[in-house]
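One file, my_file_34.csv, is given below (CSV, C-alpha atoms and all ligand atoms).
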chain,number,residue,atom,x,y,z
A,1,MET,CA,0.0,0.0,0.0
A,2,SER,CA,1.0,3.6,-0.5
A,3,ALA,CA,3.0,5.2,2.2
A,4,ASP,CA,1.6,8.6,1.5
A,5,PRO,CA,-2.0,8.8,2.8
A,6,SER,CA,-2.8,11.6,0.4
A,7,LEU,CA,-1.8,9.8,-2.7
A,8,LEU,CA,-4.4,8.6,-5.1
A,9,GLU,CA,-2.8,6.4,-7.7
A,10,LEU,CA,-4.0,4.6,-10.8
A,11,THR,CA,-2.2,1.5,-12.1
A,12,VAL,CA,-3.4,0.2,-15.5
A,13,LEU,CA,-3.5,-3.6,-15.4
A,14,GLY,CA,-5.4,-4.1,-18.7
A,15,ALA,CA,-6.6,-1.6,-21.3
A,16,GLY,CA,-7.7,-3.8,-24.2
A,17,PRO,CA,-10.9,-4.1,-26.0
A,18,ALA,CA,-13.0,-7.3,-26.3
A,19,TRP,CA,-10.4,-8.8,-28.7
A,20,SER,CA,-6.9,-7.9,-29.9
A,21,ASP,CA,-4.0,-8.9,-32.0
A,22,ARG,CA,-1.6,-7.0,-29.8
A,23,PRO,CA,0.6,-9.4,-27.8
A,24,GLY,CA,0.2,-8.7,-24.1
A,25,SER,CA,-3.1,-7.0,-24.5
A,26,SER,CA,-5.5,-7.8,-21.7
A,27,GLY,CA,-9.1,-6.8,-20.8
A,28,ALA,CA,-10.1,-3.8,-18.8
A,29,ALA,CA,-8.6,-3.7,-15.3
A,30,TYR,CA,-7.6,-0.6,-13.4
A,31,LEU,CA,-6.3,-0.6,-9.8
A,32,VAL,CA,-6.8,2.6,-7.7
A,33,ARG,CA,-5.0,2.9,-4.4
A,34,HIS,CA,-5.4,5.6,-1.7
A,35,GLY,CA,-3.7,5.1,1.7
A,36,GLU,CA,-4.6,1.7,2.9
A,37,THR,CA,-7.6,1.3,0.5
A,38,ALA,CA,-7.4,-0.5,-2.9
A,39,VAL,CA,-10.2,-0.9,-5.3
A,40,LEU,CA,-10.2,-2.5,-8.7
A,41,LEU,CA,-12.3,-1.2,-11.6
A,42,ASP,CA,-13.2,-4.2,-13.9
A,43,LEU,CA,-11.2,-7.4,-14.4
A,44,GLY,CA,-11.3,-8.4,-18.0
A,45,GLN,CA,-9.7,-11.3,-19.9
A,46,GLY,CA,-6.1,-12.0,-19.1
A,47,SER,CA,-5.6,-9.3,-16.4
A,48,PHE,CA,-5.5,-11.6,-13.4
A,49,PRO,CA,-1.7,-12.3,-13.7
A,50,ARG,CA,-1.1,-8.5,-13.8
A,51,LEU,CA,-3.4,-8.0,-10.8
A,52,ILE,CA,-1.4,-10.5,-8.7
A,53,GLU,CA,1.8,-8.9,-9.8
A,54,ALA,CA,0.6,-5.5,-8.6
A,55,ILE,CA,-1.1,-6.4,-5.3
A,56,GLU,CA,-2.1,-9.5,-3.2
A,57,PRO,CA,-5.6,-9.9,-4.6
A,58,SER,CA,-7.2,-10.9,-1.3
A,59,THR,CA,-6.3,-7.5,0.2
A,60,ILE,CA,-8.4,-5.6,-2.3
A,61,ASP,CA,-11.3,-3.8,-0.6
A,62,ALA,CA,-13.7,-4.2,-3.5
A,63,VAL,CA,-13.8,-5.0,-7.2
A,64,LEU,CA,-16.2,-2.7,-9.0
A,65,ILE,CA,-17.6,-4.2,-12.3
A,66,SER,CA,-18.8,-1.6,-14.8
A,67,HIS,CA,-21.1,-3.9,-16.7
A,68,LEU,CA,-21.6,-7.6,-17.6
A,69,HIS,CA,-19.6,-7.9,-20.8
A,70,PRO,CA,-16.9,-10.6,-20.3
A,71,ASP,CA,-14.1,-8.2,-21.4
A,72,HIS,CA,-14.8,-6.4,-18.1
A,73,PHE,CA,-15.4,-9.3,-15.7
A,74,ILE,CA,-14.3,-12.7,-16.9
A,75,ASP,CA,-11.1,-12.8,-14.9
A,76,LEU,CA,-13.2,-12.9,-11.7
A,77,VAL,CA,-13.1,-16.6,-12.5
A,78,PRO,CA,-9.3,-17.0,-11.8
A,79,LEU,CA,-9.7,-14.6,-8.8
A,80,ARG,CA,-12.4,-16.8,-7.4
A,81,HIS,CA,-10.2,-19.9,-7.9
A,82,TYR,CA,-7.2,-18.2,-6.4
A,83,LEU,CA,-9.1,-17.1,-3.3
A,84,ALA,CA,-10.6,-20.6,-2.9
A,85,TYR,CA,-7.6,-22.8,-3.6
A,86,GLN,CA,-4.4,-20.9,-3.4
A,87,LEU,CA,-4.9,-19.4,0.0
A,88,ASP,CA,-5.2,-21.3,3.3
A,89,PRO,CA,-7.6,-20.5,4.7
A,90,PRO,CA,-9.6,-19.3,1.7
A,91,ARG,CA,-10.4,-15.5,1.7
A,92,ARG,CA,-13.2,-13.5,0.3
A,93,VAL,CA,-13.4,-10.3,-1.8
A,94,ARG,CA,-16.3,-7.9,-2.1
A,95,VAL,CA,-17.6,-7.3,-5.7
A,96,VAL,CA,-20.0,-4.5,-6.5
A,97,ALA,CA,-21.6,-5.2,-9.9
A,98,PRO,CA,-24.8,-5.1,-11.9
A,99,ALA,CA,-27.4,-7.7,-10.7
A,100,GLY,CA,-27.0,-11.1,-12.2
A,101,LEU,CA,-23.2,-11.3,-12.2
A,102,ALA,CA,-23.0,-14.3,-9.9
A,103,ASP,CA,-25.6,-16.2,-11.9
A,104,ARG,CA,-23.6,-15.7,-15.1
A,105,ILE,CA,-20.3,-17.0,-13.6
A,106,ASP,CA,-22.2,-19.9,-12.0
A,107,ALA,CA,-23.7,-20.7,-15.4
A,108,LEU,CA,-20.2,-20.9,-17.0
A,109,HIS,CA,-19.4,-23.6,-14.5
A,110,ASP,CA,-22.9,-25.2,-14.3
A,111,HIS,CA,-22.4,-24.9,-10.6
A,112,THR,CA,-24.8,-22.9,-8.4
A,113,GLY,CA,-22.9,-21.3,-5.6
A,114,PHE,CA,-19.6,-21.3,-7.5
A,115,THR,CA,-19.2,-17.6,-7.4
A,116,ALA,CA,-20.4,-17.1,-3.8
A,117,ALA,CA,-17.7,-19.5,-2.5
A,118,THR,CA,-15.3,-16.6,-2.3
A,119,LEU,CA,-16.9,-13.5,-4.0
A,120,ASP,CA,-19.4,-11.4,-2.1
A,121,CYS,CA,-21.4,-9.9,-5.0
A,122,GLU,CA,-23.7,-6.9,-4.3
A,123,PRO,CA,-25.5,-4.4,-6.5
A,124,TYR,CA,-24.6,-0.8,-6.8
A,125,PRO,CA,-26.3,1.3,-4.1
A,126,SER,CA,-28.2,4.4,-5.1
A,127,GLY,CA,-26.1,7.4,-4.4
A,128,PRO,CA,-22.5,7.7,-3.4
A,129,PHE,CA,-20.9,5.2,-1.1
A,130,ALA,CA,-17.6,4.7,0.8
A,131,ILE,CA,-15.1,2.0,0.4
A,132,GLY,CA,-12.3,2.5,3.0
A,133,GLY,CA,-11.0,6.0,2.4
A,134,LEU,CA,-12.6,6.3,-1.0
A,135,THR,CA,-15.9,7.8,-2.1
A,136,ILE,CA,-17.5,6.0,-5.0
A,137,GLU,CA,-20.2,7.4,-7.3
A,138,ALA,CA,-21.7,5.3,-10.0
A,139,ARG,CA,-24.0,6.5,-12.8
A,140,ARG,CA,-25.8,4.6,-15.4
A,141,VAL,CA,-24.5,5.1,-19.0
A,142,THR,CA,-25.9,4.1,-22.4
A,143,HIS,CA,-24.3,0.7,-23.3
A,144,THR,CA,-26.0,-2.4,-21.9
A,145,ALA,CA,-29.3,-2.1,-19.9
A,146,ASP,CA,-27.2,-1.9,-16.7
A,147,SER,CA,-23.9,-0.3,-17.4
A,148,HIS,CA,-22.1,2.1,-15.0
A,149,ALA,CA,-19.5,4.8,-15.2
A,150,ILE,CA,-17.7,5.3,-11.9
A,151,ARG,CA,-16.0,8.2,-10.1
A,152,VAL,CA,-13.5,7.4,-7.4
A,153,GLY,CA,-12.5,10.2,-5.1
A,154,GLY,CA,-10.4,10.3,-2.0
A,155,GLY,CA,-11.3,13.4,0.2
A,156,ASP,CA,-10.9,16.7,-1.5
A,157,GLY,CA,-9.0,17.1,-4.7
A,158,PRO,CA,-9.1,15.5,-8.1
A,159,GLY,CA,-10.5,12.1,-8.5
A,160,LEU,CA,-10.8,9.5,-11.3
A,161,VAL,CA,-13.8,9.1,-13.6
A,162,TYR,CA,-14.0,5.8,-15.5
A,163,SER,CA,-16.4,5.5,-18.3
A,164,GLY,CA,-16.6,1.7,-18.5
A,165,ASP,CA,-18.2,1.1,-21.9
A,166,CYS,CA,-20.4,4.1,-22.9
A,167,GLY,CA,-22.3,5.0,-26.0
A,168,VAL,CA,-23.2,8.6,-25.1
A,169,ALA,CA,-20.4,10.9,-23.9
A,170,ALA,CA,-22.8,13.3,-22.2
A,171,ASP,CA,-23.7,10.5,-19.8
A,172,LEU,CA,-20.3,11.0,-18.2
A,173,ALA,CA,-20.6,14.8,-17.7
A,174,PRO,CA,-22.4,14.7,-14.3
A,175,LEU,CA,-19.5,12.7,-12.8
A,176,ILE,CA,-16.6,14.9,-14.0
A,177,ARG,CA,-15.3,17.7,-11.8
A,178,PRO,CA,-12.7,20.1,-13.1
A,179,GLY,CA,-9.2,18.7,-12.6
A,180,ASP,CA,-10.3,15.0,-12.5
A,181,THR,CA,-8.6,12.4,-14.5
A,182,LEU,CA,-11.0,11.0,-17.1
A,183,LEU,CA,-10.3,7.4,-18.1
A,184,VAL,CA,-12.6,7.0,-21.1
A,185,GLU,CA,-13.2,4.3,-23.8
A,186,VAL,CA,-12.4,5.4,-27.3
A,187,SER,CA,-13.4,2.1,-29.0
A,188,PHE,CA,-13.8,3.6,-32.5
A,189,GLY,CA,-10.8,5.8,-32.5
A,190,VAL,CA,-11.2,8.8,-34.8
A,191,GLY,CA,-14.7,7.5,-35.6
A,192,PRO,CA,-17.4,7.3,-36.7
A,193,VAL,CA,-19.2,4.9,-34.3
A,194,PRO,CA,-21.3,2.6,-36.5
A,195,ALA,CA,-25.1,3.0,-36.0
A,196,GLY,CA,-26.3,0.7,-33.3
A,197,SER,CA,-22.9,0.4,-31.5
A,198,PHE,CA,-22.9,1.9,-28.1
A,199,HIS,CA,-19.3,3.1,-27.8
A,200,LEU,CA,-17.4,6.4,-28.2
A,201,ASP,CA,-15.0,7.9,-30.6
A,202,ALA,CA,-12.4,10.8,-30.2
A,203,PRO,CA,-14.7,13.6,-31.5
A,204,ALA,CA,-17.4,12.7,-29.0
A,205,ILE,CA,-14.8,12.8,-26.2
A,206,ALA,CA,-13.4,16.1,-27.4
A,207,ASP,CA,-16.9,17.6,-27.2
A,208,LEU,CA,-17.2,16.2,-23.6
A,209,VAL,CA,-13.9,17.4,-22.3
A,210,ALA,CA,-14.3,20.9,-23.8
A,211,SER,CA,-17.2,21.5,-21.5
A,212,THR,CA,-16.3,19.5,-18.4
A,213,ARG,CA,-12.5,20.4,-18.2
A,214,PRO,CA,-10.9,17.3,-16.7
A,215,GLY,CA,-7.2,17.8,-15.8
A,216,ARG,CA,-6.1,14.8,-17.8
A,217,VAL,CA,-7.6,12.4,-20.3
A,218,LEU,CA,-6.6,8.8,-20.5
A,219,LEU,CA,-8.0,6.9,-23.5
A,220,THR,CA,-8.5,3.2,-23.5
A,221,HIS,CA,-10.4,0.2,-25.0
A,222,LEU,CA,-9.3,1.1,-28.6
A,223,GLN,CA,-10.4,-1.5,-31.0
A,224,MET,CA,-7.9,-3.7,-32.9
A,225,GLY,CA,-6.3,-2.3,-36.0
A,226,LEU,CA,-7.2,1.4,-35.5
A,227,ASP,CA,-4.8,4.3,-35.5
A,228,ARG,CA,-3.4,4.8,-32.0
A,229,ILE,CA,-2.1,8.4,-32.4
A,230,ALA,CA,-4.8,10.3,-34.2
A,231,PRO,CA,-7.5,9.9,-31.4
A,232,VAL,CA,-5.0,11.3,-28.9
A,233,ARG,CA,-4.4,14.4,-31.2
A,234,ILE,CA,-8.1,15.0,-31.5
A,235,VAL,CA,-8.7,15.0,-27.8
A,236,GLU,CA,-5.6,17.0,-27.1
A,237,ALA,CA,-6.9,19.9,-29.1
A,238,ALA,CA,-10.0,20.1,-26.9
A,239,VAL,CA,-8.4,20.1,-23.3
A,240,ASP,CA,-5.6,21.9,-21.5
A,241,GLY,CA,-4.2,18.9,-19.7
A,242,PRO,CA,-2.2,15.8,-21.0
A,243,VAL,CA,-3.9,13.1,-23.1
A,244,SER,CA,-2.6,9.6,-23.7
A,245,LEU,CA,-3.7,6.2,-24.8
A,246,VAL,CA,-2.9,3.9,-21.8
A,247,GLU,CA,-1.1,0.6,-21.7
A,248,PRO,CA,-0.8,-2.1,-19.0
A,249,GLY,CA,1.9,-1.0,-16.5
A,250,ASP,CA,1.1,2.7,-16.7
A,251,VAL,CA,0.9,4.4,-13.3
A,252,PHE,CA,-0.6,7.8,-12.7
A,253,ASP,CA,-0.6,10.1,-9.6
A,254,LEU,CA,-4.1,11.4,-9.8
A,255,ARG,CA,-3.4,14.4,-7.6
A,256,ARG,CA,-1.0,15.7,-10.3
A,257,THR,CA,-1.1,16.2,-14.0
B,1,ZN,ZN,-19.3,-3.6,-23.1
B,2,ZN,ZN,-15.7,-3.6,-23.4

Written as structure tokens, how would this file's structure read?
Ligand SMILES: [Zn+2]
Ligand SMILES: [Zn+2]
Amino acid sequence: MSADPSLLELTVLGAGPAWSDRPGSSGAAYLVRHGETAVLLDLGQGSFPRLIEAIEPSTIDAVLISHLHPDHFIDLVPLRHYLAYQLDPPRRVRVVAPAGLADRIDALHDHTGFTAATLDCEPYPSGPFAIGGLTIEARRVTHTADSHAIRVGGGDGPGLVYSGDCGVAADLAPLIRPGDTLLVEVSFGVGPVPAGSFHLDAPAIADLVASTRPGRVLLTHLQMGLDRIAPVRIVEAAVDGPVSLVEPGDVFDLRRT
């Protein structure tokens, strides 16, 4: 854990889309640490080994799952196994997620109670809630019927707003405070987003940040084969702070830009 109790730190464990030809790419997974508190935002495919490299998984205060697409939650399966079989005695981890998560993981294994063996799943409460020293705000966004963007704040000062997967950029605006870091999906790069696909492109993000003024923009979840530089340039032109496309291993001090 961080020695500095004021530090709010983001570690990117996985920043991939649902599929990729990039070696080492893994699904969405973002670790946020503040003092003694650690929360994980999503745990997509292939990210469990990076999680265990970054932190002892059983010490995480909660995993927050943005929505029930597997590229955002499927590595809860290795987490469940690790907690059940690697540790003696087994340990448990809290999971805040859309309703139905445990049933989906149980169905994969045709085993009722599989998930509940080590994961305590609960739905998002209405309104802000605390996890350790962090304040969490979740807000429904346009993607699946039950998809959430999440703001993570630690006391006063800038926080982190994570889009999850999101089809309407304006859905994120109520969560963003000036100076926050915005971690936002840019699935379709420079665009356009095909009709009927609920994801974002760089022009939509540029419009959003021009009005909401985050202090830094981190782009993620870019689809396979798309230009990795042009989306950054489009968003850079709309905001004063730094803009980058994140990679696993990136670490950000969210109090500074
Ligand atoms: Zn999705
Ligand atoms: Zn996704």

Counting all atoms listed in the file, find residues at most 12 Å from (-7.0, 22.8, -23.8) (file frame) and give them as an mmCIF file with C-alpha atoms, in the frame of the given file.
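The file below, selection-v3.cif, is the result:
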data_model
loop_
_atom_site.group_PDB
_atom_site.id
_atom_site.type_symbol
_atom_site.label_atom_id
_atom_site.label_comp_id
_atom_site.auth_asym_id
_atom_site.auth_seq_id
_atom_site.Cartn_x
_atom_site.Cartn_y
_atom_site.Cartn_z
ATOM 1 C CA ALA A 206 -13.400 16.100 -27.400
ATOM 2 C CA ASP A 207 -16.900 17.600 -27.200
ATOM 3 C CA VAL A 209 -13.900 17.400 -22.300
ATOM 4 C CA ALA A 210 -14.300 20.900 -23.800
ATOM 5 C CA SER A 211 -17.200 21.500 -21.500
ATOM 6 C CA THR A 212 -16.300 19.500 -18.400
ATOM 7 C CA ARG A 213 -12.500 20.400 -18.200
ATOM 8 C CA PRO A 214 -10.900 17.300 -16.700
ATOM 9 C CA GLY A 215 -7.200 17.800 -15.800
ATOM 10 C CA ARG A 216 -6.100 14.800 -17.800
ATOM 11 C CA VAL A 217 -7.600 12.400 -20.300
ATOM 12 C CA ARG A 233 -4.400 14.400 -31.200
ATOM 13 C CA ILE A 234 -8.100 15.000 -31.500
ATOM 14 C CA VAL A 235 -8.700 15.000 -27.800
ATOM 15 C CA GLU A 236 -5.600 17.000 -27.100
ATOM 16 C CA ALA A 237 -6.900 19.900 -29.100
ATOM 17 C CA ALA A 238 -10.000 20.100 -26.900
ATOM 18 C CA VAL A 239 -8.400 20.100 -23.300
ATOM 19 C CA ASP A 240 -5.600 21.900 -21.500
ATOM 20 C CA GLY A 241 -4.200 18.900 -19.700
ATOM 21 C CA PRO A 242 -2.200 15.800 -21.000
ATOM 22 C CA VAL A 243 -3.900 13.100 -23.100
#

Contacts between region 82-104 of chain A and region 114-173 of chain A, please, where a residue of region 114-173 of chain A counts if it comes within 8 Å (with only C-alpha atoms); show its shortest atom pair and distance in Å to one decimal, rows by chain and ascending number, as JSON lines.
{"residue": "A:Thr115", "atom": "CA", "partner": "A:Ala102", "partner_atom": "CA", "distance": 5.6}
{"residue": "A:Ala116", "atom": "CA", "partner": "A:Ala102", "partner_atom": "CA", "distance": 7.2}
{"residue": "A:Ala117", "atom": "CA", "partner": "A:Ala84", "partner_atom": "CA", "distance": 7.2}
{"residue": "A:Thr118", "atom": "CA", "partner": "A:Arg92", "partner_atom": "CA", "distance": 4.6}
{"residue": "A:Leu119", "atom": "CA", "partner": "A:Val93", "partner_atom": "CA", "distance": 5.2}
{"residue": "A:Asp120", "atom": "CA", "partner": "A:Arg94", "partner_atom": "CA", "distance": 4.7}
{"residue": "A:Cys121", "atom": "CA", "partner": "A:Val95", "partner_atom": "CA", "distance": 4.7}
{"residue": "A:Glu122", "atom": "CA", "partner": "A:Val96", "partner_atom": "CA", "distance": 4.9}
{"residue": "A:Pro123", "atom": "CA", "partner": "A:Ala97", "partner_atom": "CA", "distance": 5.2}
{"residue": "A:Tyr124", "atom": "CA", "partner": "A:Val96", "partner_atom": "CA", "distance": 5.9}
{"residue": "A:Asp146", "atom": "CA", "partner": "A:Pro98", "partner_atom": "CA", "distance": 6.2}
{"residue": "A:Ser147", "atom": "CA", "partner": "A:Pro98", "partner_atom": "CA", "distance": 7.4}

Item checked: CA of Ala15 (chain A) to CA of Gln45 (chain A), straight-line distance in Å -> 10.3 Å

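A straight line drawn from CA of Gly27 (chain A) to CA of Ile205 (chain A) is 21.1 Å long.
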
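Note that the spacing between CA of Leu200 (chain A) and CA of Val184 (chain A) amounts to 8.6 Å.
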